[in-house]
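**Student:** Before we start, here is the structure in question, set down as structure tokens.
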Amino acid sequence: MLICNDLKFVFIRNPKTASTSISKLISVNFDVVEHGEYHNNEIPKGLEGFYVFAFVRNPYTRMVSIWNHNKAVSEPFKEEFKTFKGYIEDLYRKDVAPPYLKQAKFIDGVGVKVNCFKFENLNYEYNQLPFVDRNQQIPLLNGRDYGDWMDYYDKDTRGKVAELLKEDFERFGY
């Protein structure tokens with residue numbers, strides 16, 4: 001998380017929502033300090049009244065991004081995870097998922113009100129933040145083009161993701 005004491009804001013890095021790109025832009029333009037692990041969601045004491053914000057992402061596209069990321073960094077990727085369908089089936093069957101998979105749980109776990117903005121409108125939403133005083137373009141540092149997210153899903157996998165991430169769809173209006 002990034003904390004700006006001068007302007008009284010906290011940026012919570014929600015994984016797979018351009019947090020690296022946003023962090024870079026914030027670090028270049030504001031005097032911020034790093035607090036805790038990269039994807040930490042524990043607000044330290046003494047920040048009452050700070051503007052806390054995070055970005056969220058469509059659970060369907062975010063799941064594709066998570067799978068592709070895990071596939072790229074986890075060699076050899078487990079045999080059942082080599083396909084997107086296998087990955088979703090395993091998550092659904094065991095309900096064993098990375099702690100950050102469920103965005104609503106991650107965001108609500110902060111313990112204070114978090115202003116959530118949508119990844120799909122990244123530049124527009126970022127430029128609406130109360131401390132951003134000029135139009136800024138977010139550099140896409142780790143962005144990858146995985147094609148159309150719908151190509152990864154069939155009826156079964158789409159239904160399983162909808163059930164697994166029901167809170168995300170409801171909480172963030174997807």
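Note on naming: chains are A, B, ... as they come in the structure tokens, residues start from 1 per chain, ligands start from 1 in the order shown.
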Name the residues of chain A that come out as strand (DSSP E or B) in a backbone DSSP run; write them as a PyMOL selection string.
**Tutor:** chain A and resi 2-4+9-11+33-34+51-56+115-118
**Student:** Could you save those same residues with C-alpha atoms as a PDB file, in the first residue's frame?
**Tutor:**
```pdb
ATOM      1  CA  LEU A   2       1.078   3.549  -0.608  1.00  0.00           C
ATOM      2  CA  ILE A   3       0.429   6.314   1.913  1.00  0.00           C
ATOM      3  CA  CYS A   4       0.619  10.041   1.239  1.00  0.00           C
ATOM      4  CA  PHE A   9      -4.614   9.352   0.961  1.00  0.00           C
ATOM      5  CA  VAL A  10      -3.963   5.618   0.962  1.00  0.00           C
ATOM      6  CA  PHE A  11      -3.782   3.441  -2.147  1.00  0.00           C
ATOM      7  CA  VAL A  33       5.686   5.931   1.610  1.00  0.00           C
ATOM      8  CA  GLU A  34       5.399   2.202   1.162  1.00  0.00           C
ATOM      9  CA  TYR A  51      -9.001   9.027   1.624  1.00  0.00           C
ATOM     10  CA  VAL A  52      -8.585   5.274   1.029  1.00  0.00           C
ATOM     11  CA  PHE A  53      -9.018   3.940  -2.494  1.00  0.00           C
ATOM     12  CA  ALA A  54      -8.489   0.864  -4.649  1.00  0.00           C
ATOM     13  CA  PHE A  55      -9.313  -0.338  -8.119  1.00  0.00           C
ATOM     14  CA  VAL A  56     -11.489  -3.381  -8.822  1.00  0.00           C
ATOM     15  CA  ASN A 115     -13.497   4.147  -2.405  1.00  0.00           C
ATOM     16  CA  CYS A 116     -13.504   1.650  -5.284  1.00  0.00           C
ATOM     17  CA  PHE A 117     -12.866   2.567  -8.882  1.00  0.00           C
ATOM     18  CA  LYS A 118     -13.186   0.362 -11.937  1.00  0.00           C
TER      19      LYS A 118
END
```
**Student:** So the first atom is CA of Asp31 (chain A) and the second is CA of Lys16 (chain A); what is the distance between them in Å, to one decimal place?
**Tutor:**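 Taking CA of Asp31 (chain A) and CA of Lys16 (chain A), their separation equals 24.0 Å.
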**Student:** Go through region 18-89 of chain A residue by residue and, counting only C-alpha atoms, keep those with an atom at most 9 Å from region 141-150 of chain A; for each kept residue give the shortest atom pair and its distance in Å to one decimal, ordered by chain and increasing number, as a Markdown table.
**Tutor:**
```
| residue | atom | partner | partner_atom | distance |
| --- | --- | --- | --- | --- |
| A:Ala18 | CA | A:Asn142 | CA | 7.6 |
| A:Thr20 | CA | A:Leu141 | CA | 6.9 |
| A:Ser21 | CA | A:Leu141 | CA | 5.5 |
| A:Lys24 | CA | A:Leu141 | CA | 8.8 |
| A:Tyr60 | CA | A:Trp149 | CA | 7.1 |
| A:Thr61 | CA | A:Trp149 | CA | 5.6 |
| A:Val64 | CA | A:Trp149 | CA | 6.6 |
| A:Ser65 | CA | A:Tyr146 | CA | 7.8 |
| A:Asn68 | CA | A:Tyr146 | CA | 8.2 |
```
**Student:** Just want the 8 Å neighbourhood of Lys8 (chain A), counted on only C-alpha atoms, with same-chain residues fewer than 6 positions away dropped. Output as a PyMOL selection string.
**Tutor:** chain A and resi 47+49-51
**Student:** Would you list the contacts of Tyr174 (chain A) as a CSV table (one decimal) with all heavy atoms, in the first residue's frame, taking every protein, DNA or RNA residue within 12 Å and counting only C-alpha atoms, but skipping same-chain residues closer than 3 positions in sequence?
**Tutor:**
```csv
chain,number,residue,atom,x,y,z
A,56,VAL,N,-10.9,-2.0,-8.7
A,56,VAL,CA,-11.5,-3.4,-8.8
A,56,VAL,C,-11.7,-3.7,-10.3
A,56,VAL,O,-11.6,-2.8,-11.1
A,56,VAL,CB,-12.8,-3.5,-8.1
A,56,VAL,CG1,-12.6,-3.3,-6.6
A,56,VAL,CG2,-13.9,-2.6,-8.6
A,57,ARG,N,-11.9,-5.0,-10.6
A,57,ARG,CA,-11.9,-5.4,-12.0
A,57,ARG,C,-13.0,-6.4,-12.2
A,57,ARG,O,-13.3,-7.2,-11.3
A,57,ARG,CB,-10.5,-6.0,-12.4
A,57,ARG,CG,-10.4,-6.3,-13.8
A,57,ARG,CD,-8.9,-6.8,-14.0
A,57,ARG,NE,-8.6,-7.0,-15.4
A,57,ARG,CZ,-7.5,-7.4,-15.9
A,57,ARG,NH1,-6.4,-7.6,-15.0
A,57,ARG,NH2,-7.3,-7.6,-17.1
A,58,ASN,N,-13.6,-6.4,-13.4
A,58,ASN,CA,-14.6,-7.4,-13.8
A,58,ASN,C,-14.0,-8.8,-13.4
A,58,ASN,O,-12.9,-9.2,-13.8
A,58,ASN,CB,-14.8,-7.3,-15.3
A,58,ASN,CG,-15.8,-8.3,-15.7
A,58,ASN,OD1,-15.8,-9.5,-15.4
A,58,ASN,ND2,-16.8,-7.9,-16.5
A,59,PRO,N,-14.8,-9.5,-12.6
A,59,PRO,CA,-14.3,-10.8,-12.1
A,59,PRO,C,-13.9,-11.8,-13.3
A,59,PRO,O,-13.0,-12.6,-13.1
A,59,PRO,CB,-15.4,-11.4,-11.2
A,59,PRO,CG,-16.1,-10.1,-10.8
A,59,PRO,CD,-16.0,-9.2,-11.9
A,60,TYR,N,-14.7,-11.7,-14.4
A,60,TYR,CA,-14.4,-12.6,-15.5
A,60,TYR,C,-13.0,-12.3,-16.1
A,60,TYR,O,-12.2,-13.2,-16.3
A,60,TYR,CB,-15.4,-12.6,-16.5
A,60,TYR,CG,-16.8,-13.2,-16.2
A,60,TYR,CD1,-17.9,-12.4,-16.2
A,60,TYR,CD2,-16.9,-14.5,-15.8
A,60,TYR,CE1,-19.2,-13.0,-15.9
A,60,TYR,CE2,-18.1,-15.1,-15.4
A,60,TYR,CZ,-19.2,-14.3,-15.5
A,60,TYR,OH,-20.4,-14.9,-15.1
A,61,THR,N,-12.7,-11.1,-16.4
A,61,THR,CA,-11.5,-10.7,-17.0
A,61,THR,C,-10.3,-10.9,-16.0
A,61,THR,O,-9.2,-11.3,-16.3
A,61,THR,CB,-11.5,-9.3,-17.5
A,61,THR,OG1,-11.7,-8.4,-16.5
A,61,THR,CG2,-12.5,-9.1,-18.6
A,62,ARG,N,-10.6,-10.6,-14.7
A,62,ARG,CA,-9.6,-10.7,-13.7
A,62,ARG,C,-9.2,-12.1,-13.5
A,62,ARG,O,-8.0,-12.4,-13.3
A,62,ARG,CB,-10.1,-10.1,-12.4
A,62,ARG,CG,-9.0,-10.0,-11.3
A,62,ARG,CD,-9.6,-9.1,-10.2
A,62,ARG,NE,-8.6,-9.0,-9.1
A,62,ARG,CZ,-8.6,-9.8,-8.0
A,62,ARG,NH1,-9.5,-10.7,-7.9
A,62,ARG,NH2,-7.7,-9.6,-7.1
A,118,LYS,N,-13.2,1.5,-11.0
A,118,LYS,CA,-13.2,0.4,-11.9
A,118,LYS,C,-12.0,0.4,-12.9
A,118,LYS,O,-11.8,1.4,-13.6
A,118,LYS,CB,-14.5,0.3,-12.7
A,118,LYS,CG,-15.6,-0.1,-11.7
A,118,LYS,CD,-16.9,-0.5,-12.5
A,118,LYS,CE,-17.9,-1.0,-11.4
A,118,LYS,NZ,-19.1,-1.4,-12.0
A,119,PHE,N,-11.3,-0.7,-13.0
A,119,PHE,CA,-10.2,-0.9,-13.9
A,119,PHE,C,-10.6,-0.6,-15.3
A,119,PHE,O,-9.8,-0.1,-16.1
A,119,PHE,CB,-9.8,-2.4,-13.7
A,119,PHE,CG,-8.8,-2.9,-14.7
A,119,PHE,CD1,-7.4,-2.7,-14.5
A,119,PHE,CD2,-9.2,-3.5,-15.9
A,119,PHE,CE1,-6.5,-3.2,-15.4
A,119,PHE,CE2,-8.3,-4.0,-16.8
A,119,PHE,CZ,-6.9,-3.8,-16.6
A,120,GLU,N,-11.8,-1.0,-15.7
A,120,GLU,CA,-12.3,-0.8,-17.1
A,120,GLU,C,-12.3,0.6,-17.5
A,120,GLU,O,-12.3,0.9,-18.7
A,120,GLU,CB,-13.7,-1.4,-17.2
A,120,GLU,CG,-13.7,-2.9,-17.1
A,120,GLU,CD,-13.6,-3.4,-15.6
A,120,GLU,OE1,-13.8,-2.6,-14.7
A,120,GLU,OE2,-13.3,-4.6,-15.4
A,162,ALA,N,-19.1,-17.2,-11.8
A,162,ALA,CA,-20.2,-16.4,-11.3
A,162,ALA,C,-20.6,-16.8,-9.8
A,162,ALA,O,-20.8,-15.9,-9.0
A,162,ALA,CB,-21.4,-16.5,-12.2
A,165,LEU,N,-17.4,-16.1,-7.3
A,165,LEU,CA,-17.1,-14.7,-7.1
A,165,LEU,C,-18.4,-13.9,-7.0
A,165,LEU,O,-18.4,-12.7,-7.4
A,165,LEU,CB,-16.2,-14.2,-8.2
A,165,LEU,CG,-14.8,-14.9,-8.2
A,165,LEU,CD1,-14.0,-14.3,-9.4
A,165,LEU,CD2,-14.1,-14.8,-6.9
A,166,LYS,N,-19.5,-14.5,-6.6
A,166,LYS,CA,-20.8,-13.9,-6.5
A,166,LYS,C,-20.7,-12.5,-5.8
A,166,LYS,O,-21.3,-11.5,-6.2
A,166,LYS,CB,-21.8,-14.8,-5.8
A,166,LYS,CG,-23.2,-14.2,-5.6
A,166,LYS,CD,-24.1,-15.2,-4.9
A,166,LYS,CE,-25.5,-14.6,-4.8
A,166,LYS,NZ,-26.4,-15.4,-4.0
A,167,GLU,N,-20.0,-12.5,-4.6
A,167,GLU,CA,-19.9,-11.2,-3.9
A,167,GLU,C,-19.3,-10.1,-4.7
A,167,GLU,O,-19.6,-8.9,-4.6
A,167,GLU,CB,-19.1,-11.4,-2.6
A,167,GLU,CG,-19.7,-12.4,-1.6
A,167,GLU,CD,-19.3,-13.8,-1.8
A,167,GLU,OE1,-18.5,-14.1,-2.7
A,167,GLU,OE2,-19.8,-14.7,-1.1
A,168,ASP,N,-18.3,-10.4,-5.5
A,168,ASP,CA,-17.6,-9.4,-6.3
A,168,ASP,C,-18.6,-8.8,-7.3
A,168,ASP,O,-18.6,-7.6,-7.5
A,168,ASP,CB,-16.4,-10.0,-7.0
A,168,ASP,CG,-15.2,-10.3,-6.1
A,168,ASP,OD1,-15.3,-10.0,-4.9
A,168,ASP,OD2,-14.2,-10.8,-6.6
A,169,PHE,N,-19.3,-9.7,-8.0
A,169,PHE,CA,-20.3,-9.3,-9.0
A,169,PHE,C,-21.3,-8.3,-8.4
A,169,PHE,O,-21.6,-7.3,-8.9
A,169,PHE,CB,-21.0,-10.4,-9.7
A,169,PHE,CG,-20.1,-11.2,-10.7
A,169,PHE,CD1,-19.5,-12.4,-10.3
A,169,PHE,CD2,-19.9,-10.6,-11.9
A,169,PHE,CE1,-18.7,-13.0,-11.3
A,169,PHE,CE2,-19.1,-11.3,-12.9
A,169,PHE,CZ,-18.5,-12.5,-12.5
A,170,GLU,N,-21.8,-8.7,-7.2
A,170,GLU,CA,-22.8,-7.9,-6.5
A,170,GLU,C,-22.3,-6.6,-5.9
A,170,GLU,O,-22.8,-5.5,-6.1
A,170,GLU,CB,-23.5,-8.7,-5.4
A,170,GLU,CG,-24.3,-9.9,-6.0
A,170,GLU,CD,-24.9,-10.8,-4.9
A,170,GLU,OE1,-24.5,-10.7,-3.7
A,170,GLU,OE2,-25.6,-11.7,-5.3
A,171,ARG,N,-21.2,-6.7,-5.2
A,171,ARG,CA,-20.6,-5.6,-4.5
A,171,ARG,C,-20.1,-4.5,-5.4
A,171,ARG,O,-20.3,-3.3,-5.1
A,171,ARG,CB,-19.4,-6.1,-3.6
A,171,ARG,CG,-18.6,-5.0,-3.0
A,171,ARG,CD,-19.0,-4.7,-1.6
A,171,ARG,NE,-18.0,-4.1,-0.8
A,171,ARG,CZ,-17.5,-2.9,-0.9
A,171,ARG,NH1,-17.9,-2.1,-1.9
A,171,ARG,NH2,-16.6,-2.4,-0.2
```
**Student:** Chain A: which residues are helix (DSSP H, G or I) by DSSP, as an MDAnalysis selection string?
**Tutor:** chainID A and resid 19:29 59:73 79:81 84:94 103:108 119:127 149:152 155:164 166:172
**Student:** Measure the distance from CA of Pro130 (chain A) to CA of Gly36 (chain A) in Å and round it to one decimal.
**Tutor:**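 Spanning CA of Pro130 (chain A) to CA of Gly36 (chain A) is a straight-line distance of 24.3 Å.
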**Student:** List as number ranges by chain the protein and nucleic acid residues near Val112 (chain A), meaning an atom at most 9 Å away when only C-alpha atoms are counted, but skip any in the same chain fewer than 3 places from it.
**Tutor:** A: 43, 48, 52, 108-109
**Student:** Go ahead and compute the interatomic distance for CA of Ile26 (chain A) and CA of Met63 (chain A), in Å to one decimal.
**Tutor:**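 Spanning CA of Ile26 (chain A) to CA of Met63 (chain A) is a straight-line distance of 25.7 Å.
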**Student:** Kindly indicate which residue among A:Lys102, A:Val73, A:Gly46, A:Pro139 lies nearest to Asn123 (chain A), using only C-alpha atoms for the distances.
**Tutor:**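 Among A:Lys102, A:Val73, A:Gly46, A:Pro139, it is A:Pro139 that comes nearest to Asn123 (chain A).
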**Student:** Pick the closest to Gln137 (chain A) from A:Asn40, A:Asp6, A:Asn29, A:Gln103: which is it, counting only C-alpha atoms?
**Tutor:** A:Asn29
